[in-house]
>>> print(open('input38.cif').read())   # mmCIF, C-alpha atoms
data_input
#
loop_
_atom_site.label_atom_id
_atom_site.label_comp_id
_atom_site.auth_asym_id
_atom_site.auth_seq_id
_atom_site.Cartn_x
_atom_site.Cartn_y
_atom_site.Cartn_z
CA MET A 1 -11.00 8.86 -20.83
CA ARG A 2 -10.37 6.60 -17.88
CA ASN A 3 -8.25 4.30 -20.05
CA ARG A 4 -6.18 7.25 -21.22
CA ILE A 5 -5.49 8.34 -17.64
CA ILE A 6 -4.40 4.81 -16.68
CA ALA A 7 -2.20 4.57 -19.79
CA GLY A 8 -0.67 7.95 -18.90
CA ILE A 9 0.11 6.82 -15.37
CA PHE A 10 1.79 3.64 -16.70
CA LEU A 11 3.81 5.64 -19.21
CA ALA A 12 4.99 8.06 -16.53
CA ALA A 13 5.95 5.16 -14.23
CA ALA A 14 7.87 3.44 -17.04
CA CYS A 15 9.72 6.67 -17.86
CA ALA A 16 10.61 7.15 -14.20
CA LEU A 17 11.97 3.60 -13.99
CA LEU A 18 14.00 4.03 -17.18
CA LEU A 19 15.38 7.33 -15.93
CA GLN A 20 16.29 5.74 -12.59
CA ALA A 21 18.00 2.81 -14.34
CA SER A 22 20.04 5.09 -16.59
CA GLU A 23 21.06 7.20 -13.60
CA THR A 24 22.27 4.25 -11.53
CA VAL A 25 24.64 2.84 -14.19
CA LYS A 26 27.99 4.43 -13.51
CA LYS A 27 30.74 4.53 -16.09
CA VAL A 28 34.50 4.56 -15.60
CA GLU A 29 36.54 6.73 -17.95
CA ASN A 30 39.37 5.01 -19.76
CA PHE A 31 42.73 5.47 -18.04
CA THR A 32 46.33 4.40 -18.49
CA LEU A 33 48.64 3.38 -15.65
CA LYS A 34 51.99 1.63 -15.46
CA ASP A 35 52.39 -1.78 -13.85
CA PHE A 36 55.33 -2.56 -11.54
CA ASN A 37 57.48 -3.41 -14.57
CA GLY A 38 56.86 -0.04 -16.16
CA THR A 39 54.47 -1.33 -18.84
CA ASN A 40 51.45 0.82 -19.69
CA HIS A 41 47.96 -0.63 -19.33
CA SER A 42 44.79 1.07 -20.60
CA LEU A 43 41.28 -0.16 -19.94
CA LYS A 44 40.78 0.01 -23.70
CA ASP A 45 43.41 -2.74 -24.04
CA TYR A 46 40.93 -5.12 -22.38
CA ALA A 47 38.01 -4.36 -24.73
CA SER A 48 37.86 -7.96 -25.92
CA SER A 49 37.30 -9.30 -22.40
CA LYS A 50 33.84 -10.34 -21.28
CA ALA A 51 34.38 -8.16 -18.21
CA ILE A 52 37.15 -6.31 -16.37
CA VAL A 53 37.62 -6.76 -12.64
CA LEU A 54 39.38 -3.77 -11.08
CA MET A 55 40.71 -4.61 -7.64
CA PHE A 56 42.00 -1.83 -5.38
CA ILE A 57 44.46 -3.70 -3.20
CA ALA A 58 47.32 -3.03 -0.79
CA THR A 59 50.57 -4.60 0.33
CA GLN A 60 50.29 -3.63 4.01
CA CYS A 61 46.56 -3.84 4.71
CA PRO A 62 45.73 -7.01 6.70
CA VAL A 63 42.25 -7.20 5.18
CA SER A 64 43.55 -6.94 1.63
CA ASN A 65 46.21 -9.50 2.48
CA ALA A 66 43.57 -11.84 3.91
CA TYR A 67 42.20 -11.99 0.37
CA ASN A 68 45.48 -12.73 -1.45
CA GLU A 69 44.79 -16.43 -1.90
CA ARG A 70 41.16 -15.84 -2.80
CA MET A 71 42.18 -13.29 -5.45
CA VAL A 72 44.61 -15.80 -6.98
CA LEU A 73 41.91 -18.48 -7.06
CA LEU A 74 39.33 -16.14 -8.59
CA TYR A 75 41.83 -15.07 -11.24
CA LYS A 76 42.71 -18.67 -12.09
CA GLU A 77 39.07 -19.64 -12.39
CA TYR A 78 37.65 -16.66 -14.28
CA ALA A 79 40.58 -15.54 -16.47
CA SER A 80 40.14 -18.74 -18.46
CA LYS A 81 36.49 -17.77 -18.98
CA GLY A 82 37.40 -14.49 -20.61
CA ILE A 83 37.39 -12.13 -17.65
CA SER A 84 40.35 -9.80 -17.08
CA PHE A 85 41.66 -8.94 -13.63
CA ILE A 86 43.63 -5.77 -12.87
CA GLY A 87 45.01 -4.90 -9.47
CA ILE A 88 45.45 -1.21 -8.60
CA ASN A 89 47.56 0.08 -5.73
CA SER A 90 46.73 3.71 -4.81
CA ASN A 91 48.37 3.79 -1.38
CA LYS A 92 50.93 6.57 -1.14
CA GLN A 93 53.20 4.66 1.26
CA GLU A 94 53.47 1.52 -0.87
CA PRO A 95 56.15 1.99 -3.56
CA VAL A 96 56.41 0.09 -6.84
CA GLU A 97 59.25 -2.15 -5.61
CA GLU A 98 57.20 -3.22 -2.60
CA ILE A 99 54.21 -3.94 -4.85
CA LYS A 100 56.39 -6.04 -7.14
CA GLU A 101 57.84 -8.02 -4.24
CA HIS A 102 54.38 -8.52 -2.71
CA ALA A 103 52.94 -9.75 -6.03
CA LYS A 104 55.80 -12.20 -6.46
CA GLU A 105 55.46 -13.47 -2.90
CA HIS A 106 51.73 -14.12 -3.25
CA GLY A 107 51.75 -15.44 -6.80
CA PHE A 108 49.67 -12.69 -8.42
CA SER A 109 49.63 -13.40 -12.16
CA PHE A 110 47.37 -10.45 -12.99
CA PRO A 111 48.87 -7.00 -13.61
CA ILE A 112 49.10 -4.61 -10.69
CA LEU A 113 49.13 -0.95 -11.62
CA LYS A 114 50.54 1.84 -9.52
CA ASP A 115 48.08 4.69 -9.14
CA ASN A 116 50.46 7.52 -8.25
CA ASN A 117 48.81 10.39 -6.36
CA ASN A 118 45.61 8.29 -6.11
CA VAL A 119 44.28 9.87 -9.31
CA ILE A 120 42.23 6.85 -10.38
CA ALA A 121 41.02 6.11 -6.84
CA ASP A 122 39.71 9.69 -6.77
CA LYS A 123 38.08 9.37 -10.20
CA VAL A 124 36.15 6.21 -9.33
CA SER A 125 35.73 7.15 -5.63
CA ALA A 126 37.52 4.06 -4.34
CA SER A 127 38.19 4.42 -0.63
CA VAL A 128 39.06 1.05 0.84
CA THR A 129 41.17 -2.05 0.23
CA PRO A 130 40.12 -4.45 -1.04
CA GLU A 131 37.47 -2.78 -3.21
CA ILE A 132 36.16 -4.22 -6.47
CA PHE A 133 34.67 -2.70 -9.62
CA VAL A 134 33.38 -5.06 -12.31
CA LEU A 135 33.11 -3.33 -15.68
CA ASN A 136 31.57 -4.43 -18.95
CA ARG A 137 33.10 -3.66 -22.36
CA ASN A 138 31.55 -0.21 -22.31
CA LEU A 139 33.32 0.40 -18.97
CA GLU A 140 30.00 0.52 -17.15
CA VAL A 141 30.10 -0.59 -13.53
CA LEU A 142 28.09 -3.79 -13.15
CA TYR A 143 29.22 -4.56 -9.61
CA HIS A 144 30.95 -2.49 -6.94
CA GLY A 145 32.00 -3.57 -3.48
CA ARG A 146 33.59 -6.45 -1.66
CA ILE A 147 34.97 -9.80 -2.78
CA ASP A 148 32.85 -11.62 -0.21
CA ASP A 149 31.42 -10.99 3.23
CA SER A 150 34.25 -12.08 5.54
CA ARG A 151 37.96 -11.53 5.79
CA ARG A 152 38.05 -14.99 7.36
CA ALA A 153 37.75 -17.37 4.44
CA SER A 154 36.13 -20.01 6.68
CA ASP A 155 33.28 -17.61 7.64
CA VAL A 156 32.24 -16.56 4.14
CA LYS A 157 28.51 -16.84 3.50
CA SER A 158 28.06 -14.53 0.55
CA HIS A 159 30.41 -14.83 -2.45
CA ASP A 160 29.43 -11.47 -3.95
CA LEU A 161 32.11 -11.04 -6.64
CA ARG A 162 31.79 -14.64 -7.75
CA ALA A 163 27.99 -14.28 -7.96
CA ALA A 164 28.36 -11.14 -10.09
CA LEU A 165 30.83 -12.82 -12.47
CA ASP A 166 28.70 -15.97 -12.78
CA ALA A 167 25.63 -13.89 -13.62
CA LEU A 168 27.58 -11.94 -16.18
CA LEU A 169 28.95 -15.07 -17.86
CA ALA A 170 25.46 -16.57 -17.92
CA GLY A 171 24.17 -13.46 -19.66
CA LYS A 172 22.00 -12.56 -16.66
CA GLN A 173 21.68 -9.32 -14.77
CA VAL A 174 23.85 -9.00 -11.67
CA ALA A 175 21.41 -9.33 -8.77
CA VAL A 176 23.38 -7.47 -6.10
CA THR A 177 25.29 -4.61 -7.69
CA GLU A 178 26.56 -2.82 -4.59
CA THR A 179 28.00 -4.22 -1.33
CA LYS A 180 30.06 -2.88 1.58
CA ALA A 181 32.70 -4.32 3.89
CA PHE A 182 35.26 -3.23 6.45
CA GLY A 183 38.72 -2.61 5.09
CA CYS A 184 41.71 -0.29 5.25
CA SER A 185 41.19 3.25 4.03
CA ILE A 186 43.29 4.07 0.95
CA LYS A 187 46.19 6.27 2.07
CA ARG A 188 45.87 9.31 -0.14
CA ILE A 189 48.37 12.09 -0.74
CA HIS A 190 46.11 14.60 1.05
CA MET B 191 67.64 24.00 87.82
CA LEU B 192 64.97 25.92 86.01
CA ARG B 193 67.24 26.19 83.00
CA SER B 194 67.90 22.43 83.05
CA LEU B 195 64.14 21.69 83.27
CA LEU B 196 63.47 24.10 80.40
CA THR B 197 66.14 22.46 78.24
CA GLN B 198 64.80 18.96 78.99
CA SER B 199 61.21 20.05 78.20
CA LEU B 200 62.35 21.60 74.93
CA SER B 201 64.16 18.39 74.01
CA VAL B 202 61.01 16.32 74.73
CA ILE B 203 58.88 18.72 72.67
CA LEU B 204 61.41 18.61 69.82
CA LEU B 205 61.52 14.81 69.98
CA LEU B 206 57.73 14.62 69.96
CA CYS B 207 57.54 17.00 67.07
CA THR B 208 60.10 15.03 65.13
CA GLY B 209 58.06 11.91 65.82
CA CYS B 210 54.91 13.69 64.72
CA SER B 211 56.61 14.89 61.61
CA SER B 212 57.87 11.42 60.79
CA HIS B 213 54.39 10.00 61.41
CA ASN B 214 52.80 12.65 59.15
CA HIS B 215 55.29 11.89 56.40
CA ASP B 216 54.39 8.21 56.52
CA GLY B 217 50.72 9.10 56.55
CA ASN B 218 51.05 11.32 53.47
CA GLN B 219 52.97 8.60 51.71
CA ASN B 220 50.25 6.07 52.47
CA LYS B 221 47.60 8.51 51.35
CA GLU B 222 49.50 9.07 48.11
CA ILE B 223 49.84 5.33 47.53
CA ALA B 224 46.11 4.89 48.18
CA GLU B 225 45.26 7.69 45.80
CA ASN B 226 47.59 6.24 43.20
CA SER B 227 45.99 2.84 43.53
CA ILE B 228 42.60 4.47 43.02
CA ARG B 229 44.00 6.36 40.08
CA GLN B 230 45.47 3.15 38.64
CA TRP B 231 44.05 2.30 35.26
CA VAL B 232 41.05 0.04 35.42
CA PRO B 233 39.81 -1.16 32.03
CA TYR B 234 36.22 -0.67 30.97
CA PRO B 235 34.76 -4.07 30.20
CA VAL B 236 34.56 -4.59 26.44
CA GLU B 237 30.94 -5.23 25.51
CA LEU B 238 29.13 -6.25 22.37
CA LEU B 239 27.01 -3.63 20.64
CA ASP B 240 23.95 -4.34 18.51
CA GLN B 241 21.62 -2.08 16.52
CA LYS B 242 19.53 -1.04 19.54
CA GLY B 243 22.61 -0.44 21.65
CA LEU B 244 24.12 1.78 18.97
CA ALA B 245 20.94 3.87 18.72
CA ARG B 246 20.85 4.24 22.52
CA LEU B 247 24.51 5.22 22.58
CA ILE B 248 23.98 8.01 20.07
CA ASN B 249 20.69 9.30 21.45
CA GLU B 250 21.30 9.15 25.20
CA ARG B 251 23.73 12.01 25.39
CA ASN B 252 23.32 13.33 28.95
CA GLY B 253 24.41 16.75 27.78
CA LYS B 254 27.69 15.57 26.29
CA THR B 255 29.04 15.64 22.75
CA LEU B 256 29.91 12.17 21.43
CA LEU B 257 32.98 11.22 19.43
CA LEU B 258 32.46 7.77 17.96
CA ASN B 259 35.55 6.08 16.54
CA ILE B 260 35.29 2.91 14.45
CA TRP B 261 38.54 0.96 14.55
CA ALA B 262 40.20 -2.46 14.62
CA THR B 263 43.40 -3.84 16.08
CA TRP B 264 44.49 -4.88 12.56
CA CYS B 265 44.16 -1.31 11.27
CA GLN B 266 47.49 0.53 11.49
CA PRO B 267 46.13 4.10 11.14
CA CYS B 268 43.52 3.27 13.80
CA VAL B 269 46.29 2.23 16.18
CA GLU B 270 48.26 5.39 15.34
CA GLU B 271 45.20 7.52 16.06
CA PHE B 272 44.56 6.09 19.54
CA PRO B 273 46.98 8.29 21.56
CA ASP B 274 45.13 11.36 20.21
CA LEU B 275 41.78 9.89 21.21
CA ILE B 276 43.15 9.10 24.66
CA LYS B 277 44.39 12.68 25.02
CA LEU B 278 40.99 13.97 23.97
CA ALA B 279 39.19 11.77 26.50
CA GLN B 280 41.56 12.91 29.24
CA THR B 281 41.51 16.63 28.52
CA ASP B 282 38.01 17.48 27.30
CA THR B 283 35.32 16.59 29.81
CA SER B 284 32.54 17.91 27.57
CA VAL B 285 33.00 15.07 25.12
CA GLU B 286 32.37 11.38 25.55
CA VAL B 287 34.81 9.33 23.50
CA ILE B 288 33.61 5.86 22.57
CA GLY B 289 35.33 3.30 20.37
CA ILE B 290 33.60 0.58 18.39
CA SER B 291 35.94 -2.14 17.24
CA VAL B 292 35.17 -4.21 14.16
CA ASP B 293 37.45 -7.02 15.30
CA TYR B 294 35.56 -10.28 15.58
CA PRO B 295 33.75 -10.83 18.92
CA ASP B 296 35.91 -13.92 19.52
CA GLU B 297 38.99 -11.68 19.37
CA ILE B 298 38.09 -9.61 22.45
CA HIS B 299 40.49 -11.41 24.77
CA ILE B 300 43.30 -12.29 22.39
CA LYS B 301 43.52 -8.93 20.61
CA VAL B 302 41.30 -6.13 21.88
CA THR B 303 41.78 -6.33 25.65
CA SER B 304 45.55 -6.64 25.40
CA PHE B 305 45.64 -3.59 23.12
CA LEU B 306 43.53 -1.56 25.57
CA GLU B 307 45.75 -2.63 28.47
CA LYS B 308 48.92 -1.69 26.63
CA LEU B 309 47.66 1.82 25.92
CA LYS B 310 45.62 2.14 29.14
CA VAL B 311 42.67 3.35 27.11
CA PRO B 312 40.48 5.49 29.41
CA PHE B 313 37.22 5.23 27.48
CA LYS B 314 34.57 2.67 26.68
CA ILE B 315 35.11 0.21 23.85
CA TYR B 316 32.46 -1.92 22.22
CA ILE B 317 32.66 -4.66 19.62
CA ALA B 318 30.12 -4.35 16.82
CA LYS B 319 27.88 -7.40 16.77
CA PHE B 320 25.45 -7.06 13.91
CA GLU B 321 24.07 -9.92 11.86
CA LYS B 322 25.73 -8.49 8.76
CA GLN B 323 28.63 -6.04 8.70
CA GLU B 324 26.70 -4.01 6.12
CA ASP B 325 23.94 -3.45 8.68
CA PHE B 326 26.47 -1.82 11.00
CA ILE B 327 28.04 0.23 8.19
CA THR B 328 24.64 1.53 7.09
CA ALA B 329 23.57 2.22 10.68
CA ILE B 330 26.62 4.45 11.12
CA ASP B 331 26.32 6.22 7.75
CA THR B 332 24.68 5.19 4.48
CA ALA B 333 27.43 7.03 2.57
CA TRP B 334 30.23 5.14 4.37
CA ASN B 335 31.58 2.01 2.66
CA GLY B 336 33.46 0.49 5.57
CA ALA B 337 36.95 2.06 5.34
CA ILE B 338 38.48 2.55 8.77
CA PRO B 339 39.36 4.45 10.86
CA ALA B 340 36.07 6.30 10.65
CA THR B 341 35.10 8.95 13.18
CA SER B 342 31.78 10.70 13.72
CA ILE B 343 30.98 13.50 16.14
CA TYR B 344 27.41 13.91 17.43
CA ASP B 345 26.13 16.98 19.24
CA ARG B 346 24.44 16.96 22.64
CA ARG B 347 21.14 16.04 20.99
CA GLY B 348 22.62 13.05 19.18
CA ARG B 349 22.70 14.71 15.76
CA LYS B 350 25.68 13.87 13.57
CA GLN B 351 27.71 17.01 12.88
CA PHE B 352 30.99 15.67 11.54
CA SER B 353 32.39 12.52 9.99
CA ARG B 354 35.81 11.57 8.74
CA ILE B 355 37.28 8.51 7.07
CA GLY B 356 40.98 7.99 7.68
CA LEU B 357 43.46 9.06 10.32
CA GLY B 358 42.46 12.06 12.45
CA THR B 359 44.33 14.06 15.07
CA TYR B 360 43.62 15.53 18.49
CA ASP B 361 43.75 19.07 17.09
CA LEU B 362 41.33 18.29 14.28
CA PHE B 363 38.79 16.57 16.52
CA GLU B 364 39.08 19.19 19.29
CA LYS B 365 38.55 21.99 16.78
CA ARG B 366 35.40 20.32 15.44
CA ILE B 367 34.11 19.67 18.95
CA GLN B 368 34.58 23.35 19.87
CA GLU B 369 32.74 24.39 16.69
CA ILE B 370 29.86 22.03 17.41
CA ARG B 371 29.67 23.23 21.01
CA THR B 372 29.50 26.90 20.06
CA ASN B 373 26.93 26.43 17.26
#
>>> encode(input="input38.cif", output="structure tokens")
Amino acid sequence: MRNRIIAGIFLAAACALLLQASETVKKVENFTLKDFNGTNHSLKDYASSKAIVLMFIATQCPVSNAYNERMVLLYKEYASKGISFIGINSNKQEPVEEIKEHAKEHGFSFPILKDNNNVIADKVSASVTPEIFVLNRNLEVLYHGRIDDSRRASDVKSHDLRAALDALLAGKQVAVTETKAFGCSIKRIH
Amino acid sequence: MLRSLLTQSLSVILLLCTGCSSHNHDGNQNKEIAENSIRQWVPYPVELLDQKGLARLINERNGKTLLLNIWATWCQPCVEEFPDLIKLAQTDTSVEVIGISVDYPDEIHIKVTSFLEKLKVPFKIYIAKFEKQEDFITAIDTAWNGAIPATSIYDRRGRKQFSRIGLGTYDLFEKRIQEIRTN
């Protein structure tokens, strides 16, 4: 009898943990947006990638701009390892031409999509630039948050995005799945 | 003779009065200058704020509502919002406006102080000094992810009653403050 009670308690605890785990995995719905050249990009197009890094970025935000070089370096390093990078600009006051010019100026080789009327930012609840979502092939969010812990490259102590991508490539679980950092609020239409 | 004496006396009185009047005018002017110099903007010293300091700030209300604004000199909407916060601090004595900048502590003199001087900011400004920026973000609101400007309004008992991410206005904040006060 005693053994049955203990087994029951273990079973209940395991169910609770499973339930909690399934609740915490968020999924992003597939979407299609145009890049600054007018080409459509769907998340489904990147299904063969080992992971997709969505980066909500800006042209005018000093924090986002502080990460321009770091984004280029991350792209160069991880794109060759099978990870796709997609920039998304949801700011209402930053038009496509400005985004194009900004990308050219800073050497962004990854696509940057214009999220008119902040539809996608609303769907995934992105609120700040820069803000990162790392997705697996099933479009499940494996990491959400900052690139690292300081807008000053020389002060960085925690390379959060890099750690998440390394874990993913090594077939391990991402240890820290959610981080926060100061940044510019996304300028929405309302 | 009497008439001449009367005329002379009147002239002396008039002269004295003119002198008095001139003296009073100068006196008023000096008084005004003194008052103006008192009224001249004197900056609050910018201080660092840690976890304990933040808790004290929110809880020690002294009967006043608190509007806490998180900002940075690099944040354009934050800068745009400041005149409205200044107006609020100047017109509503029932609310204490406090700003917490997330500029780096070593930027106080080169960025923060010069900004406060330019706008003659009439309320207290702190610089957040937490070991990790996440600790500060969570201490303000667990649901907040660090986008600024961010504004919270606390009632006279230090209970959070309103929070907003993004640019706010004098009218919006004042309306919320009135609602909190009457509830």
>>> resolve_selection(input="input38.cif", expression="the PyMOL selection byres ((chain A) within 12 of (chain B))", output="ChimeraX atom specification")
/A:60-66,125-132,144-146,148-152,155-158,178-190
>>> resolve_selection(input="input38.cif", expression="the PyMOL selection byres ((chain B and resi 368) around 12)", output="PDB file with C-alpha atoms, in the frame of the given file")
ATOM      1  CA  THR B 255      29.040  15.640  22.750  1.00  0.00           C
ATOM      2  CA  ASP B 282      38.010  17.480  27.300  1.00  0.00           C
ATOM      3  CA  SER B 284      32.540  17.910  27.570  1.00  0.00           C
ATOM      4  CA  VAL B 285      33.000  15.070  25.120  1.00  0.00           C
ATOM      5  CA  ILE B 343      30.980  13.500  16.140  1.00  0.00           C
ATOM      6  CA  ASP B 345      26.130  16.980  19.240  1.00  0.00           C
ATOM      7  CA  GLN B 351      27.710  17.010  12.880  1.00  0.00           C
ATOM      8  CA  PHE B 352      30.990  15.670  11.540  1.00  0.00           C
ATOM      9  CA  ASP B 361      43.750  19.070  17.090  1.00  0.00           C
ATOM     10  CA  LEU B 362      41.330  18.290  14.280  1.00  0.00           C
ATOM     11  CA  PHE B 363      38.790  16.570  16.520  1.00  0.00           C
ATOM     12  CA  GLU B 364      39.080  19.190  19.290  1.00  0.00           C
ATOM     13  CA  LYS B 365      38.550  21.990  16.780  1.00  0.00           C
ATOM     14  CA  ARG B 366      35.400  20.320  15.440  1.00  0.00           C
ATOM     15  CA  ILE B 367      34.110  19.670  18.950  1.00  0.00           C
ATOM     16  CA  GLU B 369      32.740  24.390  16.690  1.00  0.00           C
ATOM     17  CA  ILE B 370      29.860  22.030  17.410  1.00  0.00           C
ATOM     18  CA  ARG B 371      29.670  23.230  21.010  1.00  0.00           C
ATOM     19  CA  THR B 372      29.500  26.900  20.060  1.00  0.00           C
ATOM     20  CA  ASN B 373      26.930  26.430  17.260  1.00  0.00           C
TER      21      ASN B 373
END
>>> resolve_selection(input="input38.cif", expression="the PyMOL selection byres ((chain A and resi 32) around 12)", output="NGL selection string")
:A and (29-31 or 33-35 or 38-46 or 86 or 88 or 113-116 or 119-120)
>>> atom_distance(input="input38.cif", atom1="atom CA of B:Val287", atom2="atom CA of B:Ala245")
15.7 Å
>>> atom_distance(input="input38.cif", atom1="atom CA of B:Arg347", atom2="atom CA of B:Leu275")
21.5 Å
>>> closest_residue(input="input38.cif", among="B:Leu247, B:Leu256, B:Ile276, B:Ile288", to="B:Val311", atoms="only C-alpha atoms")
B:Ile276
>>> closest_residue(input="input38.cif", among="A:Lys81, A:Ser90, A:Ala164, A:Glu101", to="A:Asp122", atoms="only C-alpha atoms")
A:Ser90
>>> residues_around(input="input38.cif", residues="A:Ala163", least_positions_apart="4", cutoff="12 Å", atoms="only C-alpha atoms", output="PyMOL selection string")
chain A and resi 74+78+134+142-143+146-148+157-159+167-170+172-177
>>> atom_distance(input="input38.cif", atom1="atom CA of B:Ala279", atom2="atom CA of B:Phe313")
6.9 Å
>>> closest_residue(input="input38.cif", among="B:Thr341, B:Asn249, B:Thr283, B:Gln230", to="B:Ser353", atoms="all atoms listed in the file")
B:Thr341
>>> residues_around(input="input38.cif", residues="B:Glu237", least_positions_apart="4", cutoff="8 Å", atoms="all atoms listed in the file", output="ChimeraX atom specification")
/B:315-317
